[in-house]
Amino acid sequence: MTETTPMTEKTPSAAPLLEIRGLSATYGQVRVLKPTNLSLFEGELVTVLGPNGAGKTTLVRAIMRLVKAQGEVRFKGEDVGRLATHDLAKRGIVLVLEGRGLFGSMTVQENINLGAYTATRVELQERRARIFELFPRLKERLHQQSASLSGGEQQMLAIGRALMADPKLLLLDEPSLGLAPRVAAEILRALGQLNKAGLGILLVEQKAPLALKLARRAYVLTLGRVVKELEAGEIGSHHDIAQYYFS
Amino acid sequence: MTLRSTISAKPQVWATALAIAVAVALLAYVFGRGGYVVTVMGFAVIYGVFVTGLNLFMGYAGQASFGQNAFAALGGYGTAVLCADYGLEPIVALVLSATLSAVIALIVGYPTLRLRGHYLAMATFALGLITYELSIEQSGLTRGFMGFSGIPPLGLGRFQLLSERAQLAVFILIMLLGVWVARRLRGSRFGRALLAIGESEPAANALGIQVFRYKLVAFVIAAVYASVAGSMFAHFVGYISPEVFGLSMVTLSFTMLYVGGIGTLWGPIAGAVLVSFLPQLLRGFRDMQDIIYCLALIVILIFVPKGLASLWSLAVRRSDVPAER
């Protein structure tokens, strides 16, 4: 990771970037996500915490319309709740899937290029340069098959590929999953850097201590329902959150 | 520069040269020998076209289709009816049949490709069964179980490919054109999107790739390949019946795809040639022929699970290792 990022620091504005109202999702007959409200402002990093099976993955998949969902999703004030997943991506909402969702048989370069699927050649070059500045290791592994990368490098690639789509809002589903604490911290540091540069981030995490170091606000989800919303000032003691994990 | 360093410096070149040498030797043998060997090679090339198209949909886009035989039947019967009953030029009939197949693939694929996994497989399987039944029931058009005979060989105007050798030569060119198109598609934006869909649909979708649209286009292209293969078969044999485009076509094409190497460019062709010639090579075993044929395929799939094409990449990788290591 580099300290010489050209990205300038920005502060959150009052305009809501993402606003969801009464978003719910079902798998078959089971309602995994109960009507949920959530908002994220421009330049803000918000984390969604919760134990296994709380509905965190379903929440981001419902936002991206990767699962059948009901409810209102507004992005920059526009109702995007009925748009298809690829249209959401084109509008700037990009998801890094749980388990990274890399194209394993392809090289790092091919994965990165697919991230900028809708970009022009010039945009592709510019974005690639930015990604390599953030994750120099990807440049070293450019022609390596992505499945052969280490877990940390794979996560860097997954985030790098998502950044190639030039997102306005980045959704991340458990980016620290399966990573050594040092590597997970490195990944989250990079996310902090991106957020400081003005990128809105919705971070779904199970590891509360890591996520709370970065987040301005947090939602705690258990059994498909938001049970607690924490503002910046309240995020001090993550020990308090543990009660929701075991309740 | 030593011979060893020359070999390790250009492993792909050597492996490619070896593959070309094997192909040229096989073709020299086939054209020199003539007779049934040309017929077998003709079937191999026809299946080569069929599985190259199927490979786009199954190997690249990672979808399952058990119903491509339906489009081969459309191509075959389209060609037969248009040439034998309406006296159209074979090449015109081939193009018209392929166009019809593309339109039907578009209509059928639109609702069907919204299904996934086993459901998609079953829906496409039903498509093949329906076409089979129609080819029997619509006997006024297809002549039912009796089959359709009197189909002229491929040609244009006064130039008819009257010998099997001449037909085979043109078929090989058609197959090479098919492989070239597949190669161009593979390297294009469309091809990369298909590969991404094959690896992870949600990830591809989340990156802005219109998964459904690309799957539909791949399905239509595969249908065109299948239709052309069906037309080629009709011209080559001069006779078709419902059985030709039955379930055996599906199982045979799958075997070719997996034995050759699904998702690779030349693997399906290699699979088509091997699976077509293997029964001929085993004819000496008489009653045991089928058992040994099946055992041979099982052994290949056990020891070369990624297909014959993986042997090529294995050879390239092995010779890629520097001599000092």
# chains A, B, ... in the order shown; residues from 1 in each chain; ligands from 1
$ interface_residues --of "chain A" --to "chain B" --cutoff "9 Å" --atoms "only C-alpha atoms" --output "PyMOL selection string"
chain A and resi 64+66+84-90+93-97+100-106+110-111+114-118+161-162+165
$ residues_around --residues "Met146 of chain B" --least-positions-apart "2" --cutoff "10 Å" --atoms "only C-alpha atoms" --output "ChimeraX atom specification"
/B:136,139,142-144,148-149,240-242
$ write_last_selection --atoms "all heavy atoms" --output "short mmCIF file (atom, residue, chain, number, x, y, z; two decimals), in the first residue's frame"
data_model
loop_
_atom_site.label_atom_id
_atom_site.label_comp_id
_atom_site.auth_asym_id
_atom_site.auth_seq_id
_atom_site.Cartn_x
_atom_site.Cartn_y
_atom_site.Cartn_z
N ILE B 136 -41.19 -36.26 -36.36
CA ILE B 136 -41.91 -37.51 -36.63
C ILE B 136 -43.36 -37.20 -37.03
O ILE B 136 -43.87 -37.72 -38.02
CB ILE B 136 -41.90 -38.43 -35.38
CG1 ILE B 136 -40.46 -38.89 -35.10
CG2 ILE B 136 -42.82 -39.64 -35.58
CD1 ILE B 136 -40.29 -39.53 -33.73
N SER B 139 -45.10 -35.37 -40.72
CA SER B 139 -44.55 -36.22 -41.79
C SER B 139 -44.79 -35.62 -43.18
O SER B 139 -44.05 -35.94 -44.13
CB SER B 139 -45.11 -37.63 -41.71
OG SER B 139 -46.52 -37.57 -41.72
N THR B 142 -41.64 -33.49 -43.17
CA THR B 142 -40.35 -34.14 -42.85
C THR B 142 -40.27 -35.59 -43.33
O THR B 142 -39.20 -36.19 -43.26
CB THR B 142 -40.13 -34.13 -41.33
OG1 THR B 142 -41.15 -34.94 -40.72
CG2 THR B 142 -40.19 -32.73 -40.75
N ARG B 143 -41.40 -36.13 -43.76
CA ARG B 143 -41.52 -37.54 -44.17
C ARG B 143 -41.32 -38.51 -43.02
O ARG B 143 -41.00 -39.68 -43.21
CB ARG B 143 -40.57 -37.86 -45.33
CG ARG B 143 -40.88 -36.98 -46.53
CD ARG B 143 -39.97 -37.17 -47.68
NE ARG B 143 -40.11 -36.05 -48.62
CZ ARG B 143 -39.36 -35.88 -49.68
NH1 ARG B 143 -38.42 -36.74 -49.97
NH2 ARG B 143 -39.56 -34.85 -50.47
N GLY B 144 -41.47 -38.01 -41.80
CA GLY B 144 -41.51 -38.83 -40.59
C GLY B 144 -40.39 -39.84 -40.47
O GLY B 144 -39.24 -39.54 -40.78
N PHE B 148 -35.90 -38.33 -45.00
CA PHE B 148 -35.90 -37.45 -46.15
C PHE B 148 -34.68 -37.79 -47.01
O PHE B 148 -33.54 -37.64 -46.58
CB PHE B 148 -35.78 -35.99 -45.65
CG PHE B 148 -36.43 -34.99 -46.54
CD1 PHE B 148 -37.46 -34.19 -46.08
CD2 PHE B 148 -36.00 -34.82 -47.86
CE1 PHE B 148 -38.06 -33.24 -46.88
CE2 PHE B 148 -36.60 -33.89 -48.67
CZ PHE B 148 -37.64 -33.10 -48.20
N SER B 149 -34.94 -38.24 -48.25
CA SER B 149 -33.81 -38.58 -49.12
C SER B 149 -33.79 -37.64 -50.33
O SER B 149 -34.67 -36.80 -50.48
CB SER B 149 -33.91 -40.04 -49.56
OG SER B 149 -35.16 -40.26 -50.17
N ILE B 240 -31.75 -37.73 -44.34
CA ILE B 240 -31.86 -37.50 -42.89
C ILE B 240 -33.14 -38.12 -42.36
O ILE B 240 -34.11 -38.30 -43.11
CB ILE B 240 -31.84 -35.98 -42.52
CG1 ILE B 240 -32.89 -35.22 -43.33
CG2 ILE B 240 -30.47 -35.38 -42.64
CD1 ILE B 240 -33.14 -33.81 -42.82
N SER B 241 -33.10 -38.46 -41.09
CA SER B 241 -34.30 -39.00 -40.41
C SER B 241 -34.30 -38.44 -38.99
O SER B 241 -33.28 -37.92 -38.53
CB SER B 241 -34.25 -40.52 -40.39
OG SER B 241 -33.20 -40.94 -39.56
N PRO B 242 -35.42 -38.56 -38.27
CA PRO B 242 -35.47 -38.00 -36.91
C PRO B 242 -34.36 -38.54 -36.00
O PRO B 242 -33.84 -37.82 -35.15
CB PRO B 242 -36.85 -38.43 -36.41
CG PRO B 242 -37.67 -38.58 -37.64
CD PRO B 242 -36.74 -39.08 -38.69
#
$ select_by_dssp --residues "segment 12-198 of chain B" --states "helix (DSSP H, G or I)" --output "PyMOL selection string"
chain B and resi 12-33+36-60+69-85+90-112+117-137+139-142+144-146+164-187+189-198
$ closest_atom_pairs --of "segment 193-312 of chain B" --to "segment 26-45 of chain B" --cutoff "7 Å" --atoms "only C-alpha atoms" --output "CSV"
residue,atom,partner,partner_atom,distance
B:Ala272,CA,B:Ala44,CA,5.2
B:Val273,CA,B:Ala44,CA,5.0
B:Ser276,CA,B:Ala44,CA,5.6
B:Phe277,CA,B:Val40,CA,6.8
$ residues_around --residues "Phe75 of chain A" --least-positions-apart "4" --cutoff "10 Å" --atoms "only C-alpha atoms" --output "list in words"
Pro16, Leu17, Leu18, Glu19, Ile20, Ser39, Leu40, Asp79, Val80, Gly81, Leu88, Arg91, Gly92, Ile93, Lys168 and Leu169 of chain A
$ residues_around --residues "segment 49-56 of chain A" --least-positions-apart "4" --cutoff "9 Å" --atoms "only C-alpha atoms" --output "list in words"
Val32, Leu33, Lys34, Val60, Arg61, Asp173, Leu203, Val204, Glu205, Gln206, Lys207, Ala208, Ala211, Ala218, Tyr219, Val220, Leu221, Thr222, Leu223, Gly224, Arg225, Ile241, Tyr244, Tyr245 and Phe246 of chain A
$ residues_around --residues "Pro90 of chain B" --least-positions-apart "3" --cutoff "7 Å" --atoms "only C-alpha atoms" --output "ChimeraX atom specification"
/B:79,83,93-94,154-156
$ select_by_dssp --residues "segment 1-171 of chain B" --states "strand (DSSP E or B)" --output "VMD selection string"
chain B and resid 148 to 149 155 to 156 159 to 160
$ atom_distance --atom1 "atom CA of Ala223 of chain B" --atom2 "atom CA of Val181 of chain B"
14.3 Å
$ atom_distance --atom1 "atom CA of Pro136 of chain A" --atom2 "atom CA of Leu157 of chain A"
10.7 Å
$ residues_around --residues "Pro153 of chain B" --least-positions-apart "4" --cutoff "8 Å" --atoms "only C-alpha atoms" --output "MDAnalysis selection string"
chainID B and resid 90 160:162 167 235:236 238
$ decode --residues "segment 7-161 of chain A" --atoms "C-alpha atoms" --output "compact mmCIF listing (two decimals), in the first residue's frame"
# COMPACT_ATOMS: atom_id res chain seq x y z
CA MET A 7 -6.62 11.22 -3.98
CA THR A 8 -7.61 14.33 -2.12
CA GLU A 9 -9.35 14.26 1.22
CA LYS A 10 -13.04 15.11 1.27
CA THR A 11 -15.59 15.34 4.02
CA PRO A 12 -19.12 13.95 3.95
CA SER A 13 -21.78 16.26 2.57
CA ALA A 14 -25.42 16.45 3.65
CA ALA A 15 -26.75 14.89 0.42
CA PRO A 16 -27.84 11.27 0.90
CA LEU A 17 -26.03 9.01 -1.52
CA LEU A 18 -27.97 5.87 -0.68
CA GLU A 19 -31.27 5.65 1.12
CA ILE A 20 -33.22 2.47 1.60
CA ARG A 21 -36.68 2.30 3.11
CA GLY A 22 -38.48 -0.89 4.07
CA LEU A 23 -36.15 -3.11 2.04
CA SER A 24 -36.90 -6.77 2.61
CA ALA A 25 -35.90 -9.98 0.89
CA THR A 26 -37.02 -13.59 0.90
CA TYR A 27 -35.44 -16.88 -0.08
CA GLY A 28 -38.39 -19.05 -1.05
CA GLN A 29 -40.86 -18.77 1.80
CA VAL A 30 -38.33 -17.51 4.33
CA ARG A 31 -38.03 -13.77 4.86
CA VAL A 32 -34.31 -13.41 5.49
CA LEU A 33 -34.29 -9.62 5.55
CA LYS A 34 -37.16 -7.88 7.31
CA PRO A 35 -38.13 -4.33 6.26
CA THR A 36 -34.95 -2.36 6.79
CA ASN A 37 -34.12 1.33 6.69
CA LEU A 38 -30.59 2.54 6.07
CA SER A 39 -28.92 5.66 4.78
CA LEU A 40 -25.45 6.56 3.66
CA PHE A 41 -24.27 10.08 2.89
CA GLU A 42 -21.75 11.12 0.30
CA GLY A 43 -18.18 10.43 1.34
CA GLU A 44 -19.36 8.39 4.29
CA LEU A 45 -18.21 4.94 5.36
CA VAL A 46 -21.02 3.06 7.04
CA THR A 47 -20.64 -0.43 8.39
CA VAL A 48 -23.26 -3.11 8.82
CA LEU A 49 -22.38 -5.46 11.62
CA GLY A 50 -23.95 -8.65 12.81
CA PRO A 51 -23.39 -12.31 13.50
CA ASN A 52 -23.56 -15.12 10.96
CA GLY A 53 -27.00 -15.44 9.42
CA ALA A 54 -28.06 -11.93 10.42
CA GLY A 55 -28.97 -11.03 6.84
CA LYS A 56 -25.98 -8.80 6.06
CA THR A 57 -25.16 -10.48 2.74
CA THR A 58 -28.85 -10.52 1.81
CA LEU A 59 -29.01 -6.80 2.52
CA VAL A 60 -26.27 -5.87 0.02
CA ARG A 61 -27.55 -8.43 -2.48
CA ALA A 62 -31.03 -6.94 -2.13
CA ILE A 63 -29.64 -3.45 -2.78
CA MET A 64 -27.94 -4.81 -5.91
CA ARG A 65 -31.07 -6.76 -6.94
CA LEU A 66 -29.14 -10.03 -6.89
CA VAL A 67 -31.99 -11.44 -4.79
CA LYS A 68 -35.71 -10.76 -5.04
CA ALA A 69 -36.41 -7.75 -2.86
CA GLN A 70 -39.21 -5.37 -1.99
CA GLY A 71 -38.87 -1.83 -0.76
CA GLU A 72 -37.43 1.49 -1.80
CA VAL A 73 -33.82 2.07 -2.81
CA ARG A 74 -32.79 5.61 -3.67
CA PHE A 75 -29.39 6.52 -5.07
CA LYS A 76 -28.59 10.24 -5.29
CA GLY A 77 -32.30 10.84 -4.81
CA GLU A 78 -33.31 8.67 -7.78
CA ASP A 79 -35.48 5.62 -7.22
CA VAL A 80 -33.31 2.75 -8.44
CA GLY A 81 -35.27 -0.01 -6.73
CA ARG A 82 -36.56 -1.44 -9.99
CA LEU A 83 -33.32 -1.29 -11.94
CA ALA A 84 -31.46 -4.42 -12.94
CA THR A 85 -28.10 -5.23 -11.35
CA HIS A 86 -26.05 -4.20 -14.40
CA ASP A 87 -27.87 -0.86 -14.55
CA LEU A 88 -27.08 -0.21 -10.90
CA ALA A 89 -23.41 -0.93 -11.67
CA LYS A 90 -23.53 1.52 -14.56
CA ARG A 91 -24.95 4.19 -12.23
CA GLY A 92 -21.99 3.70 -9.93
CA ILE A 93 -23.13 1.21 -7.29
CA VAL A 94 -20.58 -1.60 -7.32
CA LEU A 95 -20.52 -4.64 -5.09
CA VAL A 96 -17.52 -6.69 -4.01
CA LEU A 97 -19.10 -10.05 -3.34
CA GLU A 98 -18.50 -12.22 -0.31
CA GLY A 99 -15.84 -14.74 -1.32
CA ARG A 100 -14.53 -12.09 -3.76
CA GLY A 101 -16.25 -13.48 -6.89
CA LEU A 102 -13.04 -13.42 -8.90
CA PHE A 103 -12.83 -14.99 -12.33
CA GLY A 104 -10.38 -17.63 -11.16
CA SER A 105 -9.14 -18.94 -14.49
CA MET A 106 -8.37 -15.44 -15.74
CA THR A 107 -5.26 -13.44 -15.04
CA VAL A 108 -5.11 -10.42 -12.75
CA GLN A 109 -5.04 -8.18 -15.83
CA GLU A 110 -8.12 -9.82 -17.37
CA ASN A 111 -10.01 -9.50 -14.09
CA ILE A 112 -9.05 -5.84 -13.79
CA ASN A 113 -10.04 -5.10 -17.38
CA LEU A 114 -13.44 -6.71 -16.88
CA GLY A 115 -14.02 -4.32 -13.99
CA ALA A 116 -13.88 -1.45 -16.47
CA TYR A 117 -16.16 -3.29 -18.84
CA THR A 118 -18.04 -0.19 -19.90
CA ALA A 119 -15.01 2.13 -19.97
CA THR A 120 -13.11 3.51 -22.93
CA ARG A 121 -9.46 2.60 -23.55
CA VAL A 122 -8.23 5.92 -22.09
CA GLU A 123 -10.40 5.55 -18.98
CA LEU A 124 -9.11 2.01 -18.60
CA GLN A 125 -5.48 3.18 -18.54
CA GLU A 126 -6.20 5.96 -16.04
CA ARG A 127 -8.13 3.72 -13.70
CA ARG A 128 -5.52 0.98 -13.87
CA ALA A 129 -2.82 3.45 -12.87
CA ARG A 130 -4.90 4.46 -9.83
CA ILE A 131 -5.49 0.86 -8.82
CA PHE A 132 -1.79 -0.01 -9.06
CA GLU A 133 -0.98 2.99 -6.91
CA LEU A 134 -3.34 1.72 -4.24
CA PHE A 135 -2.36 -1.95 -4.62
CA PRO A 136 1.15 -2.11 -6.14
CA ARG A 137 1.21 -5.87 -5.64
CA LEU A 138 -1.43 -6.29 -8.34
CA LYS A 139 0.95 -4.78 -10.88
CA GLU A 140 3.58 -7.35 -9.95
CA ARG A 141 1.06 -10.17 -10.38
CA LEU A 142 -0.49 -8.82 -13.58
CA HIS A 143 -0.09 -11.98 -15.67
CA GLN A 144 -0.69 -14.43 -12.84
CA GLN A 145 -3.87 -16.51 -12.74
CA SER A 146 -6.10 -14.90 -10.13
CA ALA A 147 -6.95 -18.25 -8.49
CA SER A 148 -3.26 -18.67 -7.64
CA LEU A 149 -3.05 -15.41 -5.66
CA SER A 150 -2.95 -15.36 -1.87
CA GLY A 151 -6.18 -14.53 -0.02
CA GLY A 152 -5.08 -10.96 0.62
CA GLU A 153 -4.04 -10.42 -2.98
CA GLN A 154 -7.33 -11.86 -4.16
CA GLN A 155 -9.20 -9.38 -1.98
CA MET A 156 -7.04 -6.55 -3.32
CA LEU A 157 -7.90 -7.70 -6.82
CA ALA A 158 -11.62 -7.92 -6.01
CA ILE A 159 -11.57 -4.35 -4.67
CA GLY A 160 -9.32 -3.16 -7.49
CA ARG A 161 -11.63 -4.69 -10.08
